[in-house]
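**Student:** File start_17.cif below, mmCIF, C-alpha atoms:
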data_input
loop_
_atom_site.label_atom_id
_atom_site.label_comp_id
_atom_site.auth_asym_id
_atom_site.auth_seq_id
_atom_site.Cartn_x
_atom_site.Cartn_y
_atom_site.Cartn_z
CA MET A 1 0.00 0.00 0.00
CA SER A 2 1.46 3.34 -0.97
CA SER A 3 0.29 6.90 -1.36
CA GLN A 4 0.64 9.28 -4.28
CA PRO A 5 4.18 10.54 -4.86
CA ARG A 6 4.92 13.65 -2.88
CA MET A 7 7.45 16.32 -3.82
CA VAL A 8 10.20 16.50 -1.21
CA GLU A 9 12.68 19.35 -1.30
CA VAL A 10 16.36 18.40 -0.98
CA ARG A 11 18.45 21.30 -2.37
CA GLN A 12 21.87 19.79 -1.92
CA ASN A 13 25.00 20.06 -3.97
CA VAL A 14 25.86 16.57 -5.21
CA LEU A 15 29.56 17.17 -4.57
CA LYS A 16 28.90 18.59 -1.10
CA GLN A 17 31.10 16.01 0.61
CA ASN A 18 34.03 16.78 -1.66
CA ASP A 19 33.52 20.52 -1.32
CA VAL A 20 33.48 20.33 2.48
CA LEU A 21 36.72 18.34 2.50
CA ALA A 22 38.30 20.68 -0.05
CA ARG A 23 37.43 23.72 2.05
CA ALA A 24 39.04 22.11 5.10
CA LEU A 25 42.15 21.29 3.05
CA ARG A 26 42.38 24.86 1.75
CA GLN A 27 42.23 26.14 5.32
CA ARG A 28 44.92 23.66 6.35
CA PHE A 29 47.16 24.80 3.48
CA GLU A 30 46.63 28.41 4.46
CA ASP A 31 47.38 27.75 8.12
CA ALA A 32 50.57 25.90 7.16
CA GLY A 33 51.61 28.75 4.86
CA VAL A 34 52.04 26.47 1.84
CA VAL A 35 51.06 27.42 -1.70
CA VAL A 36 49.24 24.55 -3.40
CA ILE A 37 49.02 24.39 -7.18
CA SER A 38 47.22 21.64 -9.06
CA MET A 39 48.05 20.72 -12.64
CA VAL A 40 45.57 19.42 -15.20
CA SER A 41 45.95 18.49 -18.85
CA THR A 42 45.40 15.74 -21.39
CA PRO A 43 47.63 12.68 -21.10
CA GLY A 44 50.95 13.52 -22.73
CA ALA A 45 50.79 17.33 -22.60
CA GLY A 46 53.93 17.38 -20.51
CA LYS A 47 52.73 17.68 -16.90
CA THR A 48 55.39 15.37 -15.51
CA ALA A 49 58.19 16.89 -17.61
CA LEU A 50 57.20 20.37 -16.46
CA LEU A 51 56.89 19.21 -12.87
CA GLU A 52 60.28 17.50 -12.91
CA PHE A 53 61.84 20.68 -14.24
CA THR A 54 59.91 22.82 -11.74
CA LEU A 55 60.88 20.78 -8.69
CA LYS A 56 64.57 20.84 -9.66
CA GLN A 57 64.64 24.55 -10.40
CA LEU A 58 62.72 25.65 -7.33
CA ARG A 59 64.79 23.44 -5.04
CA ALA A 60 67.91 24.94 -6.53
CA GLY A 61 66.37 28.36 -5.83
CA GLY A 62 66.02 27.47 -2.15
CA LEU A 63 62.31 26.70 -1.99
CA ARG A 64 60.93 23.70 -0.14
CA VAL A 65 58.79 21.93 -2.72
CA ALA A 66 56.93 18.62 -2.93
CA ALA A 67 54.48 16.88 -5.23
CA LEU A 68 51.54 14.51 -5.20
CA VAL A 69 50.99 12.81 -8.53
CA GLY A 70 47.81 11.06 -9.59
CA ASP A 71 47.87 8.26 -12.09
CA LEU A 72 45.55 5.43 -13.05
CA ALA A 73 47.94 2.53 -12.82
CA THR A 74 51.67 3.09 -12.60
CA GLU A 75 54.12 4.69 -10.22
CA ASN A 76 56.45 5.69 -13.06
CA ASP A 77 55.79 9.39 -12.63
CA ALA A 78 56.72 9.37 -8.96
CA ARG A 79 59.94 7.50 -9.73
CA ARG A 80 60.76 10.01 -12.44
CA LEU A 81 60.02 12.96 -10.18
CA ALA A 82 61.99 11.45 -7.28
CA ARG A 83 65.13 12.21 -9.29
CA SER A 84 64.58 15.84 -8.32
CA GLU A 85 65.10 14.72 -4.68
CA ALA A 86 61.95 16.57 -3.63
CA PRO A 87 59.38 14.60 -1.58
CA VAL A 88 56.99 12.95 -4.04
CA LYS A 89 54.06 10.67 -3.46
CA GLN A 90 52.04 8.80 -6.07
CA ILE A 91 48.28 8.47 -5.76
CA VAL A 92 47.26 5.46 -7.82
CA THR A 93 43.59 5.97 -8.55
CA GLY A 94 42.88 2.57 -10.11
CA THR A 95 40.01 3.07 -12.52
CA ILE A 96 39.09 6.52 -11.25
CA CYS A 97 39.70 9.23 -13.83
CA HIS A 98 40.35 12.15 -11.46
CA LEU A 99 41.65 13.03 -8.02
CA ASP A 100 39.25 14.13 -5.33
CA ALA A 101 39.73 15.94 -2.03
CA ASP A 102 39.57 12.73 -0.01
CA MET A 103 42.46 11.15 -1.96
CA VAL A 104 44.56 14.28 -1.45
CA GLN A 105 43.78 14.38 2.25
CA LYS A 106 44.74 10.73 2.73
CA ALA A 107 47.96 11.15 0.74
CA LEU A 108 48.98 14.06 2.95
CA ASP A 109 48.41 12.13 6.19
CA ASP A 110 52.06 11.69 7.11
CA TRP A 111 53.39 14.96 5.68
CA THR A 112 54.15 18.07 7.69
CA LEU A 113 52.79 20.84 5.51
CA ALA A 114 54.47 23.60 7.49
CA ASP A 115 57.82 22.28 6.21
CA LEU A 116 56.83 23.18 2.64
CA ASP A 117 56.67 26.39 0.61
CA LEU A 118 55.01 24.92 -2.45
CA LEU A 119 53.08 21.74 -3.04
CA PHE A 120 52.10 20.58 -6.52
CA ILE A 121 49.25 18.19 -7.16
CA GLU A 122 49.42 16.60 -10.58
CA ASN A 123 45.98 15.35 -11.55
CA VAL A 124 45.25 12.32 -13.73
CA GLY A 125 45.66 13.17 -17.42
CA ASN A 126 42.09 14.10 -18.31
CA LEU A 127 40.43 17.37 -19.29
CA VAL A 128 36.89 16.39 -18.37
CA CYS A 129 36.38 14.80 -14.97
CA PRO A 130 38.91 16.76 -12.86
CA SER A 131 36.96 19.95 -13.52
CA SER A 132 34.20 18.92 -11.10
CA TYR A 133 36.44 18.28 -8.10
CA ASP A 134 37.87 20.98 -5.89
CA LEU A 135 41.09 19.70 -4.30
CA GLY A 136 41.57 22.65 -1.97
CA GLU A 137 44.29 24.04 -4.23
CA GLN A 138 44.86 27.79 -4.36
CA LEU A 139 45.72 27.77 -8.03
CA ARG A 140 44.75 25.47 -10.85
CA LEU A 141 47.23 25.36 -13.68
CA VAL A 142 46.03 23.96 -17.00
CA LEU A 143 48.58 22.82 -19.54
CA MET A 144 48.13 22.49 -23.26
CA SER A 145 50.87 21.45 -25.65
CA VAL A 146 51.35 22.95 -29.09
CA THR A 147 50.73 19.53 -30.66
CA GLU A 148 47.16 19.47 -29.38
CA GLY A 149 45.83 22.29 -31.54
CA GLU A 150 44.83 25.86 -30.82
CA ASP A 151 41.16 25.09 -30.19
CA LYS A 152 41.68 22.77 -27.21
CA PRO A 153 40.14 25.32 -24.81
CA LEU A 154 37.02 25.54 -26.96
CA LYS A 155 36.67 21.77 -26.86
CA TYR A 156 37.10 21.61 -23.08
CA PRO A 157 35.74 24.97 -21.90
CA THR A 158 34.82 23.81 -18.40
CA ILE A 159 38.27 22.77 -17.26
CA PHE A 160 39.86 25.86 -18.81
CA ASN A 161 37.24 28.02 -17.13
CA THR A 162 38.03 26.57 -13.71
CA ALA A 163 41.78 27.17 -14.16
CA ASP A 164 43.74 30.19 -12.96
CA VAL A 165 46.74 30.06 -15.24
CA CYS A 166 47.49 28.35 -18.55
CA VAL A 167 50.89 27.03 -19.59
CA ILE A 168 51.44 26.23 -23.26
CA THR A 169 54.11 23.53 -23.41
CA LYS A 170 56.46 22.12 -26.06
CA MET A 171 56.98 25.51 -27.70
CA ASP A 172 60.15 24.09 -29.30
CA LEU A 173 57.78 22.15 -31.59
CA ALA A 174 55.57 25.13 -32.42
CA GLU A 175 57.03 25.82 -35.79
CA ALA A 176 57.10 22.19 -36.88
CA VAL A 177 53.38 21.77 -36.15
CA GLU A 178 52.49 25.28 -37.41
CA PHE A 179 51.06 26.26 -34.04
CA ASP A 180 49.20 29.56 -34.17
CA LEU A 181 49.87 31.21 -30.79
CA ASP A 182 47.45 34.10 -31.35
CA ALA A 183 44.63 31.69 -32.16
CA ALA A 184 45.43 29.65 -29.03
CA ARG A 185 45.43 32.78 -26.88
CA ALA A 186 42.09 33.83 -28.37
CA SER A 187 40.59 30.40 -27.55
CA ILE A 188 41.85 30.61 -23.99
CA GLN A 189 40.49 34.13 -23.50
CA ALA A 190 37.11 33.14 -24.98
CA VAL A 191 36.46 30.46 -22.36
CA ARG A 192 38.37 32.00 -19.45
CA PRO A 193 38.59 35.78 -19.84
CA GLY A 194 41.63 37.32 -18.17
CA MET A 195 43.60 34.12 -17.65
CA GLU A 196 47.37 34.57 -17.59
CA THR A 197 49.11 32.45 -20.22
CA ILE A 198 52.75 31.39 -20.19
CA GLU A 199 54.39 29.76 -23.22
CA LEU A 200 57.47 27.67 -22.63
CA SER A 201 59.59 24.70 -23.53
CA VAL A 202 61.42 22.82 -20.82
CA LYS A 203 63.54 21.31 -23.59
CA SER A 204 64.85 24.55 -25.09
CA GLY A 205 64.41 26.64 -21.95
CA ALA A 206 62.37 29.27 -23.78
CA GLY A 207 59.88 31.02 -21.53
CA VAL A 208 60.85 29.17 -18.36
CA ASP A 209 62.14 32.29 -16.59
CA ARG A 210 58.74 33.92 -16.74
CA TYR A 211 57.15 30.71 -15.48
CA LEU A 212 59.56 30.40 -12.54
CA ASP A 213 59.07 34.09 -11.72
CA PHE A 214 55.34 33.46 -11.66
CA LEU A 215 55.80 30.65 -9.10
CA HIS A 216 58.20 32.66 -6.95
CA THR A 217 55.68 35.50 -6.93
CA GLN A 218 52.97 33.13 -5.68
CA VAL A 219 55.15 32.09 -2.75
CA ALA A 220 56.22 35.67 -1.99
CA GLN A 221 52.56 36.77 -1.95
CA ARG A 222 51.70 33.97 0.44
CA LEU A 223 54.53 34.94 2.77
CA ALA A 224 53.38 38.55 2.67
CA VAL A 225 49.86 37.49 3.69
CA GLY A 226 51.02 35.01 6.36
CA MET B 1 33.62 9.39 -17.33
CA HIS B 2 32.87 10.24 -13.71
CA GLU B 3 29.11 10.42 -14.18
CA LEU B 4 28.58 7.00 -12.63
CA SER B 5 30.10 8.11 -9.34
CA ILE B 6 28.08 11.33 -9.54
CA ALA B 7 24.91 9.27 -10.07
CA MET B 8 25.80 7.10 -7.09
CA SER B 9 26.27 10.18 -4.90
CA MET B 10 22.83 11.40 -5.98
CA ILE B 11 21.29 8.05 -5.05
CA GLU B 12 23.05 8.11 -1.69
CA MET B 13 21.59 11.55 -1.02
CA ALA B 14 18.14 10.28 -1.96
CA HIS B 15 18.49 7.32 0.39
CA GLU B 16 19.42 9.62 3.25
CA GLU B 17 16.25 11.58 2.58
CA ILE B 18 14.15 8.41 2.40
CA ASP B 19 15.58 7.19 5.71
CA ARG B 20 14.82 10.52 7.32
CA ARG B 21 11.22 10.19 6.22
CA GLY B 22 10.78 6.62 7.36
CA GLY B 23 11.03 4.78 4.06
CA GLY B 24 9.39 4.81 0.68
CA ARG B 25 10.24 4.75 -2.98
CA VAL B 26 11.50 7.51 -5.25
CA THR B 27 9.65 7.90 -8.53
CA ALA B 28 11.56 10.94 -9.78
CA LEU B 29 14.64 12.96 -8.93
CA HIS B 30 14.92 16.61 -9.94
CA LEU B 31 18.42 17.84 -10.69
CA LYS B 32 19.75 21.29 -11.57
CA LEU B 33 22.65 21.01 -13.99
CA GLY B 34 24.87 23.78 -15.32
CA PRO B 35 27.12 23.51 -18.38
CA LEU B 36 30.16 24.44 -16.26
CA SER B 37 29.62 21.61 -13.77
CA GLY B 38 31.83 19.28 -15.76
CA VAL B 39 29.07 16.70 -15.94
CA VAL B 40 27.73 15.48 -19.28
CA LYS B 41 23.96 15.18 -19.18
CA GLU B 42 23.64 12.19 -21.52
CA ALA B 43 26.33 10.24 -19.68
CA LEU B 44 24.65 11.05 -16.38
CA GLU B 45 21.22 9.91 -17.60
CA PHE B 46 22.73 6.64 -18.79
CA SER B 47 24.64 6.11 -15.53
CA TYR B 48 21.66 7.07 -13.39
CA GLU B 49 19.44 4.39 -14.84
CA ILE B 50 22.04 1.70 -14.19
CA ALA B 51 22.98 2.95 -10.73
CA CYS B 52 19.33 3.01 -9.61
CA GLN B 53 18.83 -0.69 -10.24
CA GLY B 54 18.09 -2.60 -7.06
CA THR B 55 17.71 0.58 -4.99
CA ALA B 56 14.67 2.51 -3.74
CA LEU B 57 15.08 4.60 -6.90
CA ASP B 58 14.78 1.69 -9.31
CA GLY B 59 12.85 2.80 -12.40
CA SER B 60 12.72 6.43 -11.25
CA GLN B 61 12.85 9.30 -13.66
CA LEU B 62 15.77 11.73 -13.73
CA ILE B 63 14.39 15.17 -14.47
CA VAL B 64 17.19 17.57 -15.40
CA GLU B 65 16.71 21.30 -15.31
CA ASP B 66 19.36 22.82 -17.57
CA VAL B 67 20.68 25.98 -15.99
CA PRO B 68 22.22 28.57 -18.31
CA VAL B 69 25.59 30.20 -17.63
CA MET B 70 25.21 33.67 -16.21
CA ILE B 71 28.00 36.19 -15.93
CA HIS B 72 28.12 39.60 -14.36
CA CYS B 73 29.00 42.34 -16.82
CA SER B 74 30.90 45.15 -15.09
CA ASN B 75 30.11 47.46 -17.98
CA CYS B 76 26.33 46.89 -18.12
CA ARG B 77 26.30 46.36 -14.34
CA GLN B 78 24.01 43.42 -14.52
CA GLU B 79 23.89 39.65 -14.78
CA GLN B 80 23.66 38.34 -18.30
CA ILE B 81 23.02 34.91 -19.75
CA VAL B 82 25.77 33.92 -22.18
CA GLU B 83 24.85 32.20 -25.39
CA SER B 84 27.76 29.78 -25.39
CA ILE B 85 30.30 28.57 -22.85
CA GLN B 86 32.84 28.88 -25.63
CA SER B 87 32.53 32.63 -25.40
CA LEU B 88 32.11 34.17 -21.97
CA ARG B 89 31.22 37.71 -22.94
CA CYS B 90 28.31 40.03 -22.42
CA PRO B 91 25.67 39.52 -25.12
CA ASP B 92 24.84 43.25 -25.05
CA CYS B 93 28.18 45.04 -25.03
CA GLY B 94 30.59 42.22 -25.88
CA LEU B 95 32.84 42.70 -22.84
CA PRO B 96 34.47 39.44 -21.72
CA SER B 97 33.78 38.47 -18.11
CA ASN B 98 34.93 35.64 -15.92
CA ASP B 99 32.64 36.65 -13.09
CA VAL B 100 30.47 33.54 -13.38
CA ARG B 101 27.34 33.84 -11.25
CA GLN B 102 25.57 30.69 -12.37
CA GLY B 103 26.24 27.60 -14.45
CA ARG B 104 28.41 25.39 -12.23
CA ASP B 105 25.28 23.91 -10.64
CA LEU B 106 25.04 20.23 -9.82
CA GLU B 107 22.28 20.12 -7.27
CA VAL B 108 19.61 17.65 -6.25
CA VAL B 109 16.61 19.94 -5.96
CA ALA B 110 13.81 17.56 -5.02
CA LEU B 111 12.55 14.01 -4.95
CA GLU B 112 9.14 12.65 -5.79
CA LEU B 113 8.63 10.23 -2.98
CA GLU B 114 6.02 7.51 -2.72
CA GLU B 115 5.89 7.07 1.01
CA ASP B 116 4.84 3.89 2.69
CA PRO B 117 2.12 5.21 5.04
CA LEU B 118 2.57 2.43 7.65
CA LEU B 119 6.31 2.97 7.88
CA ALA B 120 5.94 6.74 7.85
CA ASP B 121 3.49 6.56 10.79
CA GLU B 122 5.88 4.36 12.69
CA ALA B 123 8.77 6.76 12.03
CA LEU B 124 6.64 9.61 13.29
CA ARG B 125 5.70 7.71 16.45
CA LYS B 126 9.36 6.94 17.11
CA SER B 127 10.41 10.51 16.65
CA ALA B 128 7.55 11.79 18.84
#
Would you write the structure of this file as structure tokens?

**Tutor:**
Amino acid sequence: MSSQPRMVEVRQNVLKQNDVLARALRQRFEDAGVVVISMVSTPGAGKTALLEFTLKQLRAGGLRVAALVGDLATENDARRLARSEAPVKQIVTGTICHLDADMVQKALDDWTLADLDLLFIENVGNLVCPSSYDLGEQLRLVLMSVTEGEDKPLKYPTIFNTADVCVITKMDLAEAVEFDLDAARASIQAVRPGMETIELSVKSGAGVDRYLDFLHTQVAQRLAVG
Amino acid sequence: MHELSIAMSMIEMAHEEIDRRGGGRVTALHLKLGPLSGVVKEALEFSYEIACQGTALDGSQLIVEDVPVMIHCSNCRQEQIVESIQSLRCPDCGLPSNDVRQGRDLEVVALELEEDPLLADEALRKSA
């Protein structure tokens, strides 16, 4: 025996649990005085190469840096990044196509955040699913490589819109693939007006100074606030 | 494809609501979905149907309210609906804006619940 269906109001964000955890993480990062930057891109855009370069350079510059790296199956990235001698931990997600706040929280369990200036979180290579999940990061960095085409942002507007800075990688190949930088910048600005864009190649070294300056500025700003 | 886990979260939320109301069966779930939520509607509809099987939402309808993206235009000093998420600019004056006021929505708004009157009475008695 049952009655007629009745409308029951719920009004709840589906990702509420993740958002609550992410907010707590963000507060923890702020209290510890650490700048947290997440990286998102397609598989193969050069996240790990950029991160390896970044960790080495920033360590050499006297900053205390570390990284969490998400991957579906292997621990290859963590091994590769460990060569920088910075603390690195792999989050193997299994079949899950993105990181969420809970995975980040668990991975950070035995780390003392106050010992760090900058923490990078490399997301699983995917431009769709990571856009829904706040990880508590202060900055989201989206990478696109010149081999992917100038209209990548138009194809994945959501992830580009949620990002704070865009790095165009593999600029040493730009000429070979006839990459149109102005068109790429226009696509980025169309989906995420005002986003800062940095073009570089970790292979040739072009543009890396501006990128490293950008990171140093983030840390300096945090210190000024703290 | 993270829509299956999103669908499962929605079902979990519905079950919490059912438990609070002393049981019953959901015949429809109303969801607000924005284009900047990162969730693909078709994939969610497909996942929802599968994820509902064997639950109190089995056979229920997923009713999606598509929410448009709204930005605030600092020039026109008002909120404006953008025509495409591939171009976040004011439809009136053309000024780009990243001040997104709406469109990231992924919210369970309501359930249509077929309550079991006997169980509901019992739940009421217990809570009284």

**Student:** Report as an MDAnalysis selection string the residues that result from applying the PyMOL selection byres ((chain A and resi 13-21) around 12) to the structure here.

**Tutor:** (chainID A and resid 10:12 22:28 99:106 131:137) or (chainID B and resid 2:3 5:14 30:34 37:39 104:110)

**Student:** As a PyMOL selection string, could you give me every residue of chain A near chain B (at most 10 Å apart, counting all atoms listed in the file)?

**Tutor:** chain A and resi 1-17+96-98+126-133+153-159+161-162+187-195

**Student:** From the set A:Ala78, A:Ala86, A:Leu68, A:Val202, which residue has the shortest atom-to-atom contact distance to Lys56 (chain A), counting all atoms listed in the file?

**Tutor:**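 Nearest to Lys56 (chain A): A:Ala86.
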
**Student:** In Å, how far is it from CA of Arg185 (chain A) to CA of Ala67 (chain A)?

**Tutor:**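 Computing the Euclidean distance for CA of Arg185 (chain A) and CA of Ala67 (chain A) yields 28.3 Å.
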
**Student:** I need every residue sitting at most 10 Å from the point (62.5, 25.3, -25.3) (coordinates as in the file, all atoms listed in the file considered), written as a list in words.

**Tutor:**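 Using all atoms listed in the file, the matching residues come out as Thr169, Lys170, Met171, Asp172, Leu173, Ala174, Glu199, Leu200, Ser201, Val202, Lys203, Ser204, Gly205, Ala206, Gly207 and Val208 of chain A.
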
**Student:** Given the file shown, enumerate the residues that the PyMOL selection byres ((chain A and resi 222) around 10) captures and present them as a ChimeraX atom specification.

**Tutor:** /A:30,33-35,117,216-221,223-226

**Student:** In Å, rounded to a single decimal, give me how far CA of Val124 (chain A) is from CA of Leu212 (chain A).

**Tutor:**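 Computing the Euclidean distance for CA of Leu212 (chain A) and CA of Val124 (chain A) yields 23.1 Å.
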
**Student:** Near Ile81 (chain B), within 8 Å and counting only C-alpha atoms, which residues show up once chain neighbours fewer than 3 positions away are dropped, as a tab-separated table (two decimals) with C-alpha atoms, keeping the file's coordinate frame?

**Tutor:**
chain	number	residue	atom	x	y	z
B	68	PRO	CA	22.22	28.57	-18.31
B	69	VAL	CA	25.59	30.20	-17.63
B	70	MET	CA	25.21	33.67	-16.21
B	71	ILE	CA	28.00	36.19	-15.93
B	90	CYS	CA	28.31	40.03	-22.42
B	91	PRO	CA	25.67	39.52	-25.12

**Student:** With a distance cut-off of 12 Å and all atoms listed in the file, select the neighbouring residues of Leu58 (chain A), excluding the residue or stretch itself and same-chain residues fewer than 3 positions from it, and output the selection as a list in words.

**Tutor:**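 These residues fall inside the cut-off: Leu50, Leu51, Glu52, Phe53, Thr54, Leu55, Gly61, Gly62, Leu63, Arg64, Val65, Ala66, Ser84, Glu85, Ala86, Leu116, Asp117, Leu118, Leu119, Phe120, Val208, Asp209, Tyr211, Leu212, Asp213, Phe214, Leu215, His216 and Val219 of chain A.
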
**Student:** If you count all atoms listed in the file, which residues fall within 10 Å of Lys89 (chain A), apart from same-chain ones fewer than 4 positions away, as a list in words?

**Tutor:**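 Selected residues are Ala66, Ala67, Leu68, Val69, Gly70, Glu75, Asp77, Ala78, Arg79, Leu81, Ala82, Ala107, Leu108 and Ile121 of chain A.
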
**Student:** Given the file above and the PyMOL selection byres ((chain B and resi 50) around 12), which residues are selected, and can you give them as a list of chain:residue names?

**Tutor:** B:Glu3, B:Leu4, B:Ser5, B:Ala7, B:Met8, B:Ile11, B:Ala43, B:Leu44, B:Glu45, B:Phe46, B:Ser47, B:Tyr48, B:Glu49, B:Ala51, B:Cys52, B:Gln53, B:Gly54, B:Thr55, B:Leu57, B:Asp58, B:Gly59, B:Ser60, B:Gln61, B:Leu62

**Student:** Between CA of Leu143 (chain A) and CA of Gly46 (chain A), what is the spacing in Å?

**Tutor:**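 Distance between the two atoms: 7.7 Å.
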